[in-house]
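Peer 1: Sharing target-v3.tsv here; it has TSV, C-alpha atoms and all ligand atoms.
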```
chain	number	residue	atom	x	y	z
A	120	MET	CA	90.71	54.11	91.46
A	121	THR	CA	93.30	54.97	94.08
A	122	ILE	CA	92.43	54.85	97.77
A	123	VAL	CA	94.14	57.29	100.08
A	124	LEU	CA	94.04	57.85	103.81
A	125	CYS	CA	92.66	61.07	105.24
A	126	PRO	CA	95.11	61.39	108.15
A	127	PRO	CA	93.05	63.57	110.53
A	128	CYS	CA	89.85	61.50	110.45
A	129	GLY	CA	91.31	58.12	109.52
A	130	ALA	CA	88.90	57.51	106.62
A	131	GLU	CA	90.11	55.71	103.53
A	132	VAL	CA	88.69	57.56	100.54
A	133	GLU	CA	88.98	57.74	96.78
A	134	ASP	CA	91.76	59.99	95.65
A	135	SER	CA	90.37	63.16	94.12
A	136	SER	CA	91.66	66.05	92.09
A	137	MET	CA	88.84	68.28	93.33
A	138	PRO	CA	89.94	71.21	95.46
A	139	ALA	CA	89.91	70.54	99.20
A	140	HIS	CA	88.78	73.06	101.78
A	141	ALA	CA	91.02	76.06	102.40
A	142	TYR	CA	91.78	75.23	106.02
A	143	VAL	CA	90.00	72.02	107.00
A	144	PRO	CA	92.89	69.54	106.77
A	145	ALA	CA	90.89	66.84	105.00
A	146	VAL	CA	92.29	65.23	101.87
A	147	ALA	CA	90.32	66.20	98.76
A	148	GLY	CA	88.58	62.83	98.50
A	149	CYS	CA	87.30	63.05	102.07
A	150	TRP	CA	86.04	66.59	101.54
A	151	ALA	CA	84.33	65.45	98.32
A	152	LEU	CA	82.65	62.55	100.14
A	153	PHE	CA	81.40	64.99	102.80
A	154	GLY	CA	79.96	67.09	99.98
A	155	GLN	CA	78.22	64.03	98.50
A	156	VAL	CA	76.71	63.10	101.87
A	157	GLN	CA	75.37	66.61	102.29
A	158	ALA	CA	73.97	66.74	98.76
A	159	ASP	CA	72.24	63.40	99.31
A	160	GLU	CA	70.91	64.65	102.64
A	161	MET	CA	69.50	67.79	101.01
A	162	MET	CA	67.85	65.83	98.21
A	163	ARG	CA	66.26	63.20	100.41
A	164	PHE	CA	65.68	64.87	103.76
A	165	GLN	CA	65.72	68.63	103.06
A	166	TYR	CA	68.02	69.95	105.75
A	167	PRO	CA	67.01	67.71	108.70
A	168	PRO	CA	68.02	68.32	112.34
A	169	ALA	CA	70.80	65.75	111.83
A	170	HIS	CA	72.49	68.19	109.44
A	171	ALA	CA	74.11	70.12	112.28
A	172	ILE	CA	75.28	66.89	113.91
A	173	VAL	CA	76.90	65.70	110.68
A	174	VAL	CA	78.70	69.01	110.20
A	175	ASP	CA	79.89	69.07	113.82
A	176	ALA	CA	81.09	65.46	113.68
A	177	TYR	CA	82.91	66.02	110.40
A	178	MET	CA	84.61	69.25	111.40
A	179	ALA	CA	85.54	67.97	114.86
A	180	SER	CA	87.15	64.92	113.29
A	181	HIS	CA	89.60	67.00	111.25
A	182	PRO	CA	92.10	68.50	113.66
A	183	GLY	CA	95.24	69.85	112.06
A	184	ASP	CA	98.66	70.40	113.54
A	185	GLY	CA	97.59	73.62	115.25
A	186	THR	CA	99.39	75.95	112.86
A	187	ASP	CA	96.20	77.24	111.21
A	188	ARG	CA	94.22	79.27	113.72
A	189	ARG	CA	90.91	79.01	111.81
A	190	GLU	CA	91.22	75.26	111.61
A	191	ALA	CA	92.03	74.97	115.31
A	192	GLN	CA	89.09	77.19	116.26
A	193	SER	CA	86.76	75.29	113.96
A	194	VAL	CA	87.46	72.06	115.83
A	195	VAL	CA	86.74	73.76	119.16
A	196	VAL	CA	83.42	75.30	118.14
A	197	HIS	CA	82.15	72.10	116.56
A	198	LEU	CA	83.09	70.18	119.70
A	199	VAL	CA	80.97	72.69	121.62
A	200	GLY	CA	78.09	71.66	119.35
A	201	LEU	CA	78.70	67.98	120.07
A	202	CYS	CA	78.99	68.59	123.80
A	203	GLY	CA	75.64	70.39	123.88
A	204	LEU	CA	74.01	67.60	121.94
A	205	LEU	CA	75.52	64.65	123.78
A	206	GLU	CA	76.10	65.86	127.33
A	207	ARG	CA	73.43	68.50	127.80
A	208	GLY	CA	70.85	66.67	125.72
A	209	TRP	CA	70.12	69.77	123.66
A	210	ASP	CA	68.46	69.50	120.29
A	211	SER	CA	70.51	70.59	117.32
A	212	VAL	CA	68.90	74.05	117.25
A	213	ARG	CA	69.96	74.79	120.79
A	214	SER	CA	73.34	73.16	120.36
A	215	ARG	CA	73.92	75.32	117.31
A	216	ALA	CA	72.94	78.43	119.27
A	217	ALA	CA	75.55	77.56	121.92
A	218	LEU	CA	78.15	77.16	119.21
A	219	ARG	CA	77.28	80.60	117.82
A	220	THR	CA	77.49	82.11	121.32
A	221	VAL	CA	81.02	80.79	121.70
A	222	VAL	CA	82.02	82.19	118.31
A	223	SER	CA	80.43	85.57	119.05
A	224	ARG	CA	82.44	86.05	122.25
A	225	LYS	CA	85.38	86.88	120.02
A	226	GLU	CA	87.74	85.54	122.64
A	227	ALA	CA	90.73	83.50	121.63
A	228	LEU	CA	89.60	79.91	121.92
A	229	PRO	CA	91.80	77.39	123.70
A	230	MET	CA	94.10	75.22	121.67
A	231	LEU	CA	93.48	71.49	121.97
A	232	GLN	CA	95.96	68.67	121.79
A	233	PRO	CA	95.05	66.84	118.56
A	234	TRP	CA	93.56	63.45	119.22
A	235	SER	CA	96.03	60.62	119.37
A	236	GLN	CA	93.70	58.23	117.59
A	237	PRO	CA	90.90	59.14	115.15
A	238	SER	CA	87.33	58.20	115.97
A	239	ALA	CA	86.49	54.60	115.05
A	240	VAL	CA	83.56	55.89	113.00
A	241	ASN	CA	83.95	58.34	110.14
A	242	ILE	CA	82.09	59.93	107.22
A	243	HIS	CA	81.66	56.54	105.53
A	244	SER	CA	79.09	55.63	108.18
A	245	MET	CA	76.72	58.24	106.69
A	246	VAL	CA	76.66	56.65	103.23
A	247	GLY	CA	73.66	54.48	102.34
A	248	SER	CA	71.18	55.36	105.06
A	249	ARG	CA	67.73	53.81	104.58
A	250	ASP	CA	65.60	56.73	105.72
A	251	ILE	CA	65.69	59.81	107.92
A	252	ASP	CA	65.53	57.83	111.16
A	253	ASP	CA	68.46	55.72	110.08
A	254	TYR	CA	70.35	58.81	108.96
A	255	ASP	CA	69.70	60.52	112.28
A	256	ALA	CA	70.79	57.44	114.26
A	257	ARG	CA	73.99	57.12	112.22
A	258	ALA	CA	74.78	60.80	112.77
A	259	ARG	CA	74.35	60.40	116.53
A	260	THR	CA	76.53	57.28	116.64
A	261	TRP	CA	79.25	59.05	114.68
A	262	ALA	CA	78.99	62.16	116.86
A	263	ALA	CA	79.31	60.07	120.03
A	264	CYS	CA	82.42	58.30	118.71
A	265	VAL	CA	84.04	61.60	117.74
A	266	TRP	CA	83.21	63.11	121.11
A	267	ASP	CA	84.63	60.07	122.94
A	268	ALA	CA	87.85	60.26	120.95
A	269	TRP	CA	88.34	63.79	122.30
A	270	ALA	CA	87.96	62.66	125.93
A	271	PRO	CA	91.24	64.21	127.21
A	272	GLU	CA	89.99	67.63	126.08
A	273	HIS	CA	86.39	67.36	127.32
A	274	HIS	CA	86.98	69.59	130.35
A	275	ILE	CA	88.15	72.43	128.10
A	276	ILE	CA	85.08	72.18	125.88
A	277	ARG	CA	82.62	71.88	128.77
A	278	ALA	CA	84.00	75.09	130.26
A	279	LEU	CA	83.11	76.96	127.05
A	280	LEU	CA	79.44	76.04	126.99
A	281	PRO	CA	77.00	78.74	128.01
A	282	THR	CA	75.70	78.07	131.52
A	283	THR	CA	72.66	80.32	131.52
A	284	GLY	CA	69.25	78.84	131.07
A	285	ASN	CA	70.20	75.26	131.73
B	301	ZN	ZN	88.78	63.12	106.51
```
Using the file provided, produce a representation of the structure as structure tokens.
Peer 2:
Amino acid sequence: MTIVLCPPCGAEVEDSSMPAHAYVPAVAGCWALFGQVQADEMMRFQYPPAHAIVVDAYMASHPGDGTDRREAQSVVVHLVGLCGLLERGWDSVRSRAALRTVVSRKEALPMLQPWSQPSAVNIHSMVGSRDIDDYDARARTWAACVWDAWAPEHHIIRALLPTTGN
């Protein structure tokens, strides 16, 4: 077994020959581990509220070099989801709705400076949860670490969140 680094998120993962995502700049082994976490989540917890948090944390922890527009926009919209969750205290349904609102505006989203240092917590923290409460708590811890690691760009993300109805 060969261990490789996933440069964007900083996770050390098993090397994999599986195809990686078309534009998320994760190494194949990291993308495969994300798939395993989601499959386990579906089997044990049947699409819990934490699902959206896990997806947002994963996507927001894979910034590329800015050359792929879809990848750059993906990071922005998933940070909007994390901002709603962590700063506005929205539940994942509402946070997800805010994310969709930002996407539906069809405006060019701002480009972010990629983080200088990956979040201290990564996808590995989601492996081996005891139950749904543990899974949910781990997702929130991960999300908070990812959000903190993007601190220099917080003002840009906050400005994108819908202001109505708050
Ligand atoms: Zn990764």
Peer 1: With a distance cut-off of 10 Å and all atoms listed in the file, select the neighbouring residues of A:Ala151, excluding the residue or stretch itself and same-chain residues fewer than 2 positions from it, and output the selection as a ChimeraX atom specification.
Peer 2: /A:132-140,145-149,153-157
Peer 1: So which residues are near ligand ZN 301 (chain B), meaning at most 10 Å away with all atoms listed in the file counted, given back as a list of chain:residue names?
Peer 2: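 Every residue with an atom at most 10 Å from ligand ZN 301 (chain B) is listed here: A:Leu124, A:Cys125, A:Pro126, A:Pro127, A:Cys128, A:Gly129, A:Ala130, A:Glu131, A:Val132, A:Val143, A:Pro144, A:Ala145, A:Val146, A:Ala147, A:Gly148, A:Cys149, A:Trp150, A:Ala151, A:Leu152, A:Phe153, A:Tyr177, A:Met178, A:Ser180, A:His181, A:Pro182, A:Pro237, A:Asn241, A:Ile242, A:His243.
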Peer 1: What separation in Å, quoted to one decimal, exists between atom CA of A:Leu231 and atom CA of A:Asp255?
Peer 2: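 Between atom CA of A:Leu231 and atom CA of A:Asp255 the gap works out to 27.9 Å.
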Peer 1: Restricting the calculation to all atoms listed in the file: of A:Ala191, A:Leu218, A:Leu204, A:Met245, which residue gets closest to A:Glu160?
Peer 2: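 Of the candidates, the smallest distance to A:Glu160 is held by A:Met245.
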Peer 1: Taking all atoms listed in the file into account, which of A:Arg249, A:Arg257, A:Arg189, A:His170 comes nearest A:Arg215?
Peer 2: A:His170
Peer 1: If you count all atoms listed in the file, which residues fall within 9 Å of A:Pro271, apart from same-chain ones fewer than 4 positions away, as a list of chain:residue names?
Peer 2: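 Residues meeting the cut-off are A:Gln232, A:Trp234, A:Asp267, A:Ile275.
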Peer 1: Could you check the closest approach to A:Arg224 for each of A:Glu272, A:Asp252, A:Val196, A:Arg163 and tell me which residue wins, using all atoms listed in the file?
Peer 2: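 Among A:Glu272, A:Asp252, A:Val196, A:Arg163, it is A:Val196 that comes nearest to A:Arg224.
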Peer 1: Suppose you want the space between atom CA of A:Asp250 and atom CA of A:Val212; what is it in Å?
Peer 2: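 Atom-to-atom, atom CA of A:Asp250 to atom CA of A:Val212, that is 21.1 Å.
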Peer 1: Can you pull out every residue within 9 Å of A:His197, counting all atoms listed in the file, but drop anything in the same chain fewer than 2 positions away, and send it as a PyMOL selection string?
Peer 2: chain A and resi 174-179+192-195+199-202+215+218
Peer 1: Using Å and a single decimal, report how far atom CA of A:Trp266 sits from atom CA of A:Gly203.
Peer 2: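 Between atom CA of A:Gly203 and atom CA of A:Trp266 the gap works out to 10.9 Å.
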Peer 1: Residues at most 7 Å from A:Ala258, counting only C-alpha atoms, excluding those fewer than 5 positions away in the same chain, as a list in words?
Peer 2: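 Counting only C-alpha atoms, the residues come to Ala169, Ile172, Val173 and Met245 of chain A.
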Peer 1: Take every atom of stretch 142-146 of chain A listed in the file, pad by 5 Å on each side, and give me the axis-aligned box centre and edge lengths in Å, one decimal, as lines of an AutoDock Vina configuration file.
Peer 2:
```
center_x = 91.4
center_y = 70.2
center_z = 104.4
size_x = 12.9
size_y = 20.0
size_z = 15.1
```
Peer 1: I'd like to know which of A:Tyr142, A:Phe164, A:Trp269, A:Trp209 is closest to A:Glu190, using all atoms listed in the file.
Peer 2: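 Closest to A:Glu190, using all atoms listed in the file: A:Tyr142.
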